[in-house]
$ cat my_file23.cif   # mmCIF, C-alpha atoms
data_target
loop_
_atom_site.label_atom_id
_atom_site.label_comp_id
_atom_site.auth_asym_id
_atom_site.auth_seq_id
_atom_site.Cartn_x
_atom_site.Cartn_y
_atom_site.Cartn_z
CA MET A 1 -50.19 -75.51 2.82
CA ILE A 2 -49.09 -72.21 1.29
CA VAL A 3 -46.28 -70.28 2.98
CA VAL A 4 -45.67 -66.62 2.13
CA ARG A 5 -42.18 -65.41 2.98
CA HIS A 6 -40.39 -62.07 3.15
CA ARG A 7 -38.71 -61.20 -0.15
CA GLU A 8 -35.31 -60.53 1.49
CA THR A 9 -35.09 -62.32 4.84
CA GLY A 10 -37.14 -65.39 3.99
CA ALA A 11 -39.04 -65.03 7.26
CA THR A 12 -42.51 -66.58 7.30
CA LEU A 13 -45.24 -63.92 7.01
CA LEU A 14 -48.28 -66.13 6.41
CA GLU A 15 -49.23 -69.79 6.50
CA LEU A 16 -52.47 -70.75 4.81
CA HIS A 17 -54.02 -74.20 4.85
CA ALA A 18 -55.12 -74.10 1.22
CA ASP A 19 -53.97 -75.15 -2.22
CA THR A 20 -54.26 -71.68 -3.75
CA LEU A 21 -54.37 -68.01 -2.80
CA ALA A 22 -57.05 -67.38 -5.43
CA GLY A 23 -60.21 -66.26 -3.67
CA ALA A 24 -58.52 -66.41 -0.25
CA ASP A 25 -59.77 -64.20 2.57
CA LEU A 26 -56.67 -62.30 3.72
CA GLU A 27 -58.38 -59.13 4.93
CA GLY A 28 -56.10 -57.13 7.23
CA ALA A 29 -53.09 -59.42 6.73
CA MET A 30 -49.60 -58.04 7.39
CA LEU A 31 -47.60 -58.90 4.28
CA LEU A 32 -44.92 -56.18 4.42
CA GLY A 33 -42.15 -57.09 1.97
CA ALA A 34 -43.85 -60.34 0.92
CA ASP A 35 -42.52 -62.41 -1.96
CA LEU A 36 -45.62 -62.95 -4.10
CA ARG A 37 -44.02 -63.13 -7.51
CA ARG A 38 -46.33 -64.77 -10.06
CA ALA A 39 -48.81 -65.63 -7.30
CA ASP A 40 -52.45 -66.24 -8.22
CA LEU A 41 -54.49 -63.92 -5.98
CA SER A 42 -57.39 -63.51 -8.39
CA GLY A 43 -60.62 -62.79 -6.57
CA ALA A 44 -58.83 -62.65 -3.21
CA HIS A 45 -60.18 -60.55 -0.34
CA LEU A 46 -57.31 -58.18 0.50
CA ARG A 47 -59.02 -55.23 2.15
CA ILE A 48 -56.75 -53.18 4.44
CA VAL A 49 -53.85 -55.55 3.68
CA ASP A 50 -50.30 -54.25 4.19
CA LEU A 51 -48.39 -55.06 0.99
CA CYS A 52 -45.78 -52.31 1.36
CA GLN A 53 -42.54 -53.17 -0.47
CA ALA A 54 -44.03 -56.49 -1.58
CA ASP A 55 -42.78 -58.19 -4.74
CA LEU A 56 -45.87 -58.73 -6.87
CA ARG A 57 -44.17 -58.93 -10.23
CA GLY A 58 -46.16 -61.09 -12.61
CA ALA A 59 -48.83 -61.76 -9.99
CA LEU A 60 -52.50 -62.19 -10.91
CA LEU A 61 -54.96 -60.09 -8.87
CA ASP A 62 -57.83 -59.90 -11.34
CA GLY A 63 -61.10 -59.19 -9.58
CA ALA A 64 -59.41 -58.96 -6.17
CA ASP A 65 -60.67 -56.63 -3.45
CA LEU A 66 -57.85 -54.32 -2.30
CA ARG A 67 -59.94 -51.44 -0.99
CA ASP A 68 -57.94 -49.38 1.53
CA ALA A 69 -54.90 -51.64 1.02
CA ASP A 70 -51.37 -50.24 1.33
CA VAL A 71 -49.21 -51.24 -1.65
CA THR A 72 -46.63 -48.46 -1.20
CA LEU A 73 -43.21 -49.06 -2.83
CA ALA A 74 -44.31 -52.45 -4.17
CA SER A 75 -42.86 -54.03 -7.32
CA LEU A 76 -45.70 -54.38 -9.81
CA ALA A 77 -44.04 -54.93 -13.19
CA GLY A 78 -46.24 -57.22 -15.24
CA THR A 79 -48.84 -57.51 -12.46
CA SER A 80 -52.51 -57.79 -13.45
CA PHE A 81 -55.25 -55.97 -11.52
CA LYS A 82 -57.99 -56.32 -14.13
CA SER A 83 -61.43 -55.40 -12.75
CA ALA A 84 -59.98 -55.21 -9.21
CA MET A 85 -61.49 -53.05 -6.48
CA LEU A 86 -58.76 -50.58 -5.49
CA THR A 87 -60.81 -47.75 -4.00
CA ASP A 88 -58.77 -45.61 -1.56
CA ALA A 89 -55.75 -47.93 -1.90
CA ARG A 90 -52.23 -46.51 -1.65
CA PHE A 91 -49.78 -47.27 -4.45
CA GLN A 92 -47.25 -44.49 -3.84
CA GLY A 93 -43.78 -45.14 -5.22
CA SER A 94 -44.80 -48.26 -7.14
CA ASN A 95 -42.17 -49.77 -9.43
CA MET A 96 -39.55 -47.16 -8.51
CA GLY A 97 -36.17 -48.35 -9.72
CA GLN A 98 -37.85 -51.28 -11.46
CA GLU A 99 -38.37 -52.34 -15.07
CA VAL A 100 -39.27 -49.74 -17.69
CA PRO A 101 -41.89 -49.99 -19.05
CA ALA A 102 -43.67 -51.40 -16.01
CA ARG A 103 -46.68 -52.68 -17.99
CA THR A 104 -48.93 -53.20 -14.97
CA ASP A 105 -52.46 -54.04 -16.18
CA PHE A 106 -55.30 -52.19 -14.41
CA GLN A 107 -57.93 -52.55 -17.15
CA GLY A 108 -61.45 -52.01 -15.84
CA ALA A 109 -60.31 -51.58 -12.22
CA ASP A 110 -61.90 -49.15 -9.77
CA LEU A 111 -59.17 -46.78 -8.56
CA THR A 112 -61.46 -44.11 -7.11
CA ARG A 113 -59.44 -41.79 -4.82
CA CYS A 114 -56.44 -44.10 -5.24
CA TYR A 115 -52.96 -42.72 -4.44
CA LEU A 116 -50.55 -43.47 -7.30
CA ASN A 117 -48.20 -40.54 -6.84
CA PHE A 118 -44.42 -40.82 -7.27
CA SER A 119 -44.84 -44.06 -9.25
CA ASN A 120 -43.32 -45.54 -12.39
CA LEU A 121 -46.42 -46.34 -14.45
CA THR A 122 -44.77 -46.43 -17.87
CA GLY A 123 -46.63 -48.56 -20.36
CA CYS A 124 -49.35 -49.43 -17.83
CA ASP A 125 -52.90 -50.07 -19.02
CA PHE A 126 -55.68 -48.12 -17.29
CA SER A 127 -58.23 -48.53 -20.07
CA ASP A 128 -61.85 -48.17 -18.89
CA CYS A 129 -60.72 -47.64 -15.29
CA VAL A 130 -62.68 -45.56 -12.81
CA MET A 131 -60.10 -43.13 -11.40
CA ARG A 132 -62.27 -40.33 -10.03
CA GLY A 133 -60.29 -38.14 -7.63
CA ALA A 134 -57.14 -40.25 -8.05
CA ASP A 135 -53.72 -38.79 -7.23
CA LEU A 136 -51.42 -39.20 -10.24
CA THR A 137 -48.96 -36.44 -9.32
CA ARG A 138 -45.25 -36.77 -10.02
CA CYS A 139 -45.70 -40.01 -11.96
CA ASP A 140 -44.13 -41.33 -15.13
CA LEU A 141 -46.98 -42.52 -17.37
CA ALA A 142 -45.08 -42.35 -20.66
CA GLY A 143 -46.70 -44.67 -23.16
CA ALA A 144 -49.52 -45.60 -20.77
CA ARG A 145 -53.03 -46.43 -22.00
CA LEU A 146 -55.93 -44.59 -20.35
CA VAL A 147 -58.48 -45.06 -23.12
CA GLY A 148 -61.97 -44.40 -21.80
CA ALA A 149 -60.72 -43.93 -18.23
CA ASP A 150 -62.81 -41.80 -15.88
CA LEU A 151 -60.38 -39.26 -14.41
CA SER A 152 -63.00 -36.79 -13.19
CA GLY A 153 -61.49 -34.55 -10.54
CA ALA A 154 -58.17 -36.40 -10.65
CA ASN A 155 -54.84 -34.63 -10.11
CA LEU A 156 -52.42 -35.29 -13.00
CA SER A 157 -49.90 -32.57 -12.12
CA TYR A 158 -46.10 -32.65 -12.45
CA SER A 159 -46.24 -35.94 -14.36
CA SER A 160 -45.17 -37.26 -17.74
CA PHE A 161 -47.85 -38.49 -20.11
CA ARG A 162 -45.60 -38.46 -23.17
CA ASP A 163 -47.09 -40.59 -25.95
CA ALA A 164 -49.83 -41.81 -23.59
CA ASP A 165 -53.26 -42.63 -25.00
CA LEU A 166 -56.12 -40.82 -23.23
CA SER A 167 -58.60 -41.09 -26.09
CA TYR A 168 -62.21 -40.85 -24.91
CA ALA A 169 -61.00 -40.25 -21.34
CA MET A 170 -63.20 -38.29 -18.93
CA LEU A 171 -61.11 -35.42 -17.50
CA ALA A 172 -63.93 -33.20 -16.24
CA GLY A 173 -62.63 -31.07 -13.38
CA ALA A 174 -59.18 -32.65 -13.59
CA ILE A 175 -56.10 -30.66 -12.55
CA LEU A 176 -53.09 -30.68 -14.87
CA ILE A 177 -50.21 -28.45 -13.73
CA ASP A 178 -46.75 -28.50 -15.33
CA SER A 179 -47.30 -31.96 -16.85
CA ASP A 180 -45.88 -33.23 -20.13
CA PHE A 181 -48.46 -34.40 -22.68
CA GLN A 182 -46.22 -34.11 -25.72
CA GLY A 183 -47.23 -36.66 -28.32
CA ALA A 184 -50.16 -37.87 -26.20
CA SER A 185 -53.61 -38.58 -27.59
CA LEU A 186 -56.55 -36.73 -26.06
CA GLN A 187 -58.85 -37.36 -28.97
CA HIS A 188 -62.54 -37.22 -28.03
CA ALA A 189 -61.52 -36.53 -24.41
CA GLU A 190 -63.86 -34.64 -22.09
CA LEU A 191 -62.02 -31.56 -20.80
CA ALA A 192 -64.96 -29.61 -19.35
CA THR A 193 -63.92 -27.58 -16.27
CA ALA A 194 -60.41 -29.05 -16.43
CA THR A 195 -57.44 -26.81 -15.57
CA LEU A 196 -54.38 -27.00 -17.81
CA SER A 197 -51.58 -24.82 -16.44
CA GLY A 198 -48.05 -25.01 -17.79
CA VAL A 199 -48.95 -28.19 -19.65
CA ARG A 200 -46.73 -29.11 -22.60
CA LEU A 201 -48.95 -30.01 -25.55
CA SER A 202 -46.62 -30.09 -28.55
CA GLN A 203 -47.90 -32.74 -31.01
CA ALA A 204 -50.62 -33.79 -28.58
CA ALA A 205 -53.73 -34.92 -30.50
CA LEU A 206 -56.79 -32.98 -29.32
CA SER A 207 -59.08 -33.85 -32.20
CA HIS A 208 -62.78 -33.72 -31.24
CA ALA A 209 -62.03 -33.12 -27.55
CA HIS A 210 -64.74 -31.20 -25.70
CA LEU A 211 -64.12 -27.87 -23.93
CA SER A 212 -66.49 -26.11 -21.57
CA ARG A 213 -65.24 -23.70 -18.90
CA THR A 214 -61.81 -25.24 -19.45
CA VAL A 215 -58.82 -23.21 -18.25
CA PHE A 216 -55.63 -22.79 -20.28
CA ALA A 217 -52.78 -21.00 -18.49
CA ARG A 218 -49.06 -20.80 -19.37
CA CYS A 219 -49.58 -23.27 -22.26
CA GLN A 220 -47.03 -21.67 -24.55
CA ASP A 221 -46.86 -24.52 -27.07
CA LEU A 222 -50.65 -24.80 -27.41
CA PRO A 223 -50.52 -23.92 -31.15
CA GLN A 224 -48.38 -27.02 -31.69
CA ALA A 225 -51.18 -29.29 -30.51
CA LEU A 226 -52.97 -31.19 -33.26
CA GLY A 227 -56.65 -30.95 -34.09
CA LEU A 228 -57.43 -27.51 -32.61
CA ASP A 229 -59.74 -26.90 -35.57
CA THR A 230 -61.94 -29.89 -34.61
CA LEU A 231 -62.51 -29.11 -30.92
CA ARG A 232 -66.08 -29.06 -29.62
CA TYR A 233 -67.38 -26.31 -27.33
CA THR A 234 -70.36 -25.79 -25.02
CA ASN A 235 -69.61 -22.88 -22.68
CA PRO A 236 -66.79 -20.32 -22.95
CA SER A 237 -63.42 -21.29 -21.54
CA SER A 238 -60.53 -19.23 -20.15
CA ILE A 239 -57.14 -18.54 -21.68
CA ASP A 240 -54.59 -16.38 -19.91
CA LEU A 241 -52.54 -13.49 -21.28
CA GLU A 242 -49.25 -15.40 -21.05
CA THR A 243 -50.60 -18.06 -23.42
CA LEU A 244 -52.07 -15.41 -25.73
CA ARG A 245 -48.90 -13.30 -25.82
CA SER A 246 -46.75 -16.31 -26.75
CA SER A 247 -49.07 -17.90 -29.30
CA LEU A 248 -51.72 -15.43 -30.46
CA THR A 249 -50.40 -15.21 -34.01
CA GLU A 250 -50.45 -19.00 -34.37
CA LEU A 251 -53.76 -19.90 -32.73
CA PRO A 252 -56.62 -20.26 -35.24
CA ASP A 253 -59.58 -17.88 -34.96
CA HIS A 254 -61.94 -20.86 -34.68
CA PHE A 255 -60.22 -21.95 -31.48
CA LEU A 256 -60.10 -18.43 -30.00
CA GLN A 257 -63.78 -17.89 -30.71
CA GLY A 258 -64.59 -21.31 -29.32
CA VAL A 259 -63.00 -20.51 -25.96
CA GLY A 260 -64.92 -17.23 -25.82
CA VAL A 261 -62.71 -14.56 -27.39
CA GLY A 262 -64.92 -12.36 -29.58
CA PRO A 263 -64.02 -11.41 -33.18
CA ARG A 264 -63.38 -7.76 -32.23
CA GLU A 265 -61.20 -8.83 -29.31
CA ILE A 266 -59.24 -11.14 -31.61
CA ALA A 267 -58.71 -8.33 -34.11
CA ALA A 268 -57.63 -5.93 -31.37
CA LEU A 269 -55.25 -8.46 -29.83
CA ARG A 270 -53.75 -9.33 -33.19
CA GLY A 271 -53.35 -5.64 -33.94
CA MET A 272 -51.51 -5.06 -30.67
CA ALA A 273 -49.35 -8.14 -31.27
CA GLY A 274 -48.47 -6.88 -34.73
CA ALA A 275 -47.65 -3.41 -33.40
CA ALA A 276 -45.49 -4.89 -30.66
CA GLY A 277 -43.69 -7.08 -33.18
#
$ encode --input "my_file23.cif" --output "structure tokens"
Amino acid sequence: MIVVRHRETGATLLELHADTLAGADLEGAMLLGADLRRADLSGAHLRIVDLCQADLRGALLDGADLRDADVTLASLAGTSFKSAMLTDARFQGSNMGQEVPARTDFQGADLTRCYLNFSNLTGCDFSDCVMRGADLTRCDLAGARLVGADLSGANLSYSSFRDADLSYAMLAGAILIDSDFQGASLQHAELATATLSGVRLSQAALSHAHLSRTVFARCQDLPQALGLDTLRYTNPSSIDLETLRSSLTELPDHFLQGVGVGPREIAALRGMAGAAG
């Protein structure tokens, strides 16, 4: 028999007549504050499970089904969710006050419309994840890996992505407001219809990223991004006056023309900038 207890009180939360939790059907179980450290829950059925404030450090949940589960304020340092189904799950406040980096492994998981806001996701691995429409606002993702992740329509605002790797990530229609991407890699990323407003891009690698109807607003350190001369373009993009006023003299003509500013407009703007200076 397996007994799952509360992480603080020791009260019994679940008794299961089995030798393992791997593959167990626990749909709808109430496991608030459960102590599941290093537990093997791979392939388990955990739909609509309440895992709020649970201790899942070092646990194995590869291939588990956690659709619509509530994992708010859980401890997930070193936890593995490889190829797990996490659609519409709630992970708000994960790892807060816990180990840094958290190094939670989500490789290949489906996090469509998942709520990850207000979480410590430093050093976590989201490579090849499906994260369409996910909420990643007010998170710390410094050093995280999101290589090849599908972040279409996701909200990445007010978060830190310092030194994160988003190479080959799909960011079509994503919203990035006042986030920190300094030192991050966005090489070969898809940025069509994405909105970047107040994003810090100093030393961010944008080599071979794709722009099409992309919006740049209040991105004053845009000229300090790397690889602007290798960007790929389909349709014109938008760049606001605040960005132009602060960086016009440093932005290469190739970039300005690529986002839709004509040669005569560039000459006129540079002339006005020179006169003002």
$ resolve_selection --input "my_file23.cif" --expression "the PyMOL selection byres ((chain A and resi 9-12) around 12)" --output "MDAnalysis selection string"
chainID A and resid 2:8 13:16 30:36
$ write_last_selection --input "my_file23.cif" --atoms "C-alpha atoms" --output "short mmCIF file (atom, residue, chain, number, x, y, z; two decimals), in the frame of the given file"
data_model
loop_
_atom_site.label_atom_id
_atom_site.label_comp_id
_atom_site.auth_asym_id
_atom_site.auth_seq_id
_atom_site.Cartn_x
_atom_site.Cartn_y
_atom_site.Cartn_z
CA ILE A 2 -49.09 -72.21 1.29
CA VAL A 3 -46.28 -70.28 2.98
CA VAL A 4 -45.67 -66.62 2.13
CA ARG A 5 -42.18 -65.41 2.98
CA HIS A 6 -40.39 -62.07 3.15
CA ARG A 7 -38.71 -61.20 -0.15
CA GLU A 8 -35.31 -60.53 1.49
CA LEU A 13 -45.24 -63.92 7.01
CA LEU A 14 -48.28 -66.13 6.41
CA GLU A 15 -49.23 -69.79 6.50
CA LEU A 16 -52.47 -70.75 4.81
CA MET A 30 -49.60 -58.04 7.39
CA LEU A 31 -47.60 -58.90 4.28
CA LEU A 32 -44.92 -56.18 4.42
CA GLY A 33 -42.15 -57.09 1.97
CA ALA A 34 -43.85 -60.34 0.92
CA ASP A 35 -42.52 -62.41 -1.96
CA LEU A 36 -45.62 -62.95 -4.10
#
$ residues_near_point --input "my_file23.cif" --point "(-61.9, -22.7, -15.9)" --cutoff "12 Å" --atoms "all atoms listed in the file" --output "list in words"
Ala172, Gly173, Ala174, Ile175, Leu176, Leu191, Ala192, Thr193, Ala194, Thr195, Leu196, Ser197, Leu211, Ser212, Arg213, Thr214, Val215, Phe216, Ala217, Asn235, Pro236, Ser237, Ser238, Ile239, Asp240, Val259 and Gly260 of chain A
$ residues_around --input "my_file23.cif" --residues "segment 57-67 of chain A" --least-positions-apart "4" --cutoff "8 Å" --atoms "all atoms listed in the file" --output "MDAnalysis selection string"
chainID A and resid 23 36:49 75:89
$ residues_around --input "my_file23.cif" --residues "segment 264-272 of chain A" --least-positions-apart "3" --cutoff "12 Å" --atoms "only C-alpha atoms" --output "ChimeraX atom specification"
/A:241,244-261,275-277
$ resolve_selection --input "my_file23.cif" --expression "the PyMOL selection byres ((chain A and resi 72) around 9)" --output "list of chain:residue names"
A:Asp50, A:Leu51, A:Cys52, A:Gln53, A:Ala54, A:Asp70, A:Val71, A:Leu73, A:Ala74, A:Arg90, A:Phe91, A:Gln92, A:Gly93, A:Ser94, A:Leu116
$ resolve_selection --input "my_file23.cif" --expression "the PyMOL selection byres ((chain A and resi 187) around 7)" --output "short mmCIF file (atom, residue, chain, number, x, y, z; two decimals) with C-alpha atoms, keeping the file's coordinate frame"
data_model
loop_
_atom_site.label_atom_id
_atom_site.label_comp_id
_atom_site.auth_asym_id
_atom_site.auth_seq_id
_atom_site.Cartn_x
_atom_site.Cartn_y
_atom_site.Cartn_z
CA SER A 167 -58.60 -41.09 -26.09
CA TYR A 168 -62.21 -40.85 -24.91
CA SER A 185 -53.61 -38.58 -27.59
CA LEU A 186 -56.55 -36.73 -26.06
CA HIS A 188 -62.54 -37.22 -28.03
CA ALA A 189 -61.52 -36.53 -24.41
CA ALA A 205 -53.73 -34.92 -30.50
CA LEU A 206 -56.79 -32.98 -29.32
CA SER A 207 -59.08 -33.85 -32.20
CA HIS A 208 -62.78 -33.72 -31.24
CA ALA A 209 -62.03 -33.12 -27.55
#
$ atom_distance --input "my_file23.cif" --atom1 "atom CA of Asp135 of chain A" --atom2 "atom CA of Ser119 of chain A"
10.5 Å
$ decode --input "my_file23.cif" --residues "segment 241-266 of chain A" --atoms "N, CA and C atoms" --output "compact mmCIF listing (two decimals), in the first residue's frame"
# COMPACT_ATOMS: atom_id res chain seq x y z
N LEU A 241 8.15 55.99 -32.93
CA LEU A 241 9.04 57.15 -32.93
C LEU A 241 9.99 57.15 -31.74
N GLU A 242 9.53 56.67 -30.59
CA GLU A 242 10.41 56.66 -29.41
C GLU A 242 11.64 55.81 -29.68
N THR A 243 11.45 54.64 -30.30
CA THR A 243 12.58 53.78 -30.64
C THR A 243 13.47 54.45 -31.67
N LEU A 244 12.85 55.08 -32.68
CA LEU A 244 13.63 55.74 -33.73
C LEU A 244 14.42 56.92 -33.18
N ARG A 245 13.78 57.72 -32.33
CA ARG A 245 14.47 58.91 -31.80
C ARG A 245 15.71 58.51 -30.99
N SER A 246 15.60 57.40 -30.24
CA SER A 246 16.69 57.01 -29.36
C SER A 246 17.79 56.23 -30.07
N SER A 247 17.49 55.66 -31.24
CA SER A 247 18.47 54.75 -31.83
C SER A 247 18.63 54.89 -33.34
N LEU A 248 18.04 55.91 -33.92
CA LEU A 248 18.07 56.04 -35.38
C LEU A 248 19.48 56.06 -35.94
N THR A 249 20.38 56.77 -35.28
CA THR A 249 21.73 56.90 -35.81
C THR A 249 22.52 55.59 -35.73
N GLU A 250 22.05 54.66 -34.92
CA GLU A 250 22.78 53.40 -34.73
C GLU A 250 22.16 52.22 -35.47
N LEU A 251 20.88 52.32 -35.84
CA LEU A 251 20.24 51.22 -36.54
C LEU A 251 20.70 51.16 -37.99
N PRO A 252 21.07 49.98 -38.49
CA PRO A 252 21.54 49.88 -39.88
C PRO A 252 20.40 50.09 -40.88
N ASP A 253 20.74 50.67 -42.03
CA ASP A 253 19.74 50.91 -43.06
C ASP A 253 19.04 49.62 -43.48
N HIS A 254 19.78 48.52 -43.52
CA HIS A 254 19.19 47.24 -43.93
C HIS A 254 18.03 46.86 -43.02
N PHE A 255 18.19 47.09 -41.73
CA PHE A 255 17.12 46.78 -40.78
C PHE A 255 15.94 47.72 -40.99
N LEU A 256 16.22 49.03 -41.10
CA LEU A 256 15.14 50.01 -41.26
C LEU A 256 14.33 49.74 -42.53
N GLN A 257 15.02 49.42 -43.61
CA GLN A 257 14.32 49.11 -44.85
C GLN A 257 13.54 47.81 -44.72
N GLY A 258 14.09 46.86 -43.98
CA GLY A 258 13.43 45.59 -43.80
C GLY A 258 12.11 45.72 -43.05
N VAL A 259 12.04 46.65 -42.10
CA VAL A 259 10.80 46.82 -41.34
C VAL A 259 9.84 47.77 -42.05
N GLY A 260 10.27 48.31 -43.20
CA GLY A 260 9.33 49.08 -44.01
C GLY A 260 9.59 50.57 -44.10
N VAL A 261 10.71 51.03 -43.57
CA VAL A 261 11.05 52.46 -43.70
C VAL A 261 11.78 52.66 -45.03
N GLY A 262 11.22 53.50 -45.90
CA GLY A 262 11.81 53.71 -47.22
C GLY A 262 13.11 54.49 -47.18
N PRO A 263 13.93 54.38 -48.23
CA PRO A 263 15.22 55.08 -48.26
C PRO A 263 15.09 56.59 -48.08
N ARG A 264 14.08 57.22 -48.73
CA ARG A 264 13.89 58.65 -48.56
C ARG A 264 13.50 59.01 -47.14
N GLU A 265 12.65 58.16 -46.55
CA GLU A 265 12.25 58.40 -45.15
C GLU A 265 13.45 58.29 -44.23
N ILE A 266 14.30 57.29 -44.48
CA ILE A 266 15.51 57.12 -43.66
C ILE A 266 16.40 58.36 -43.77
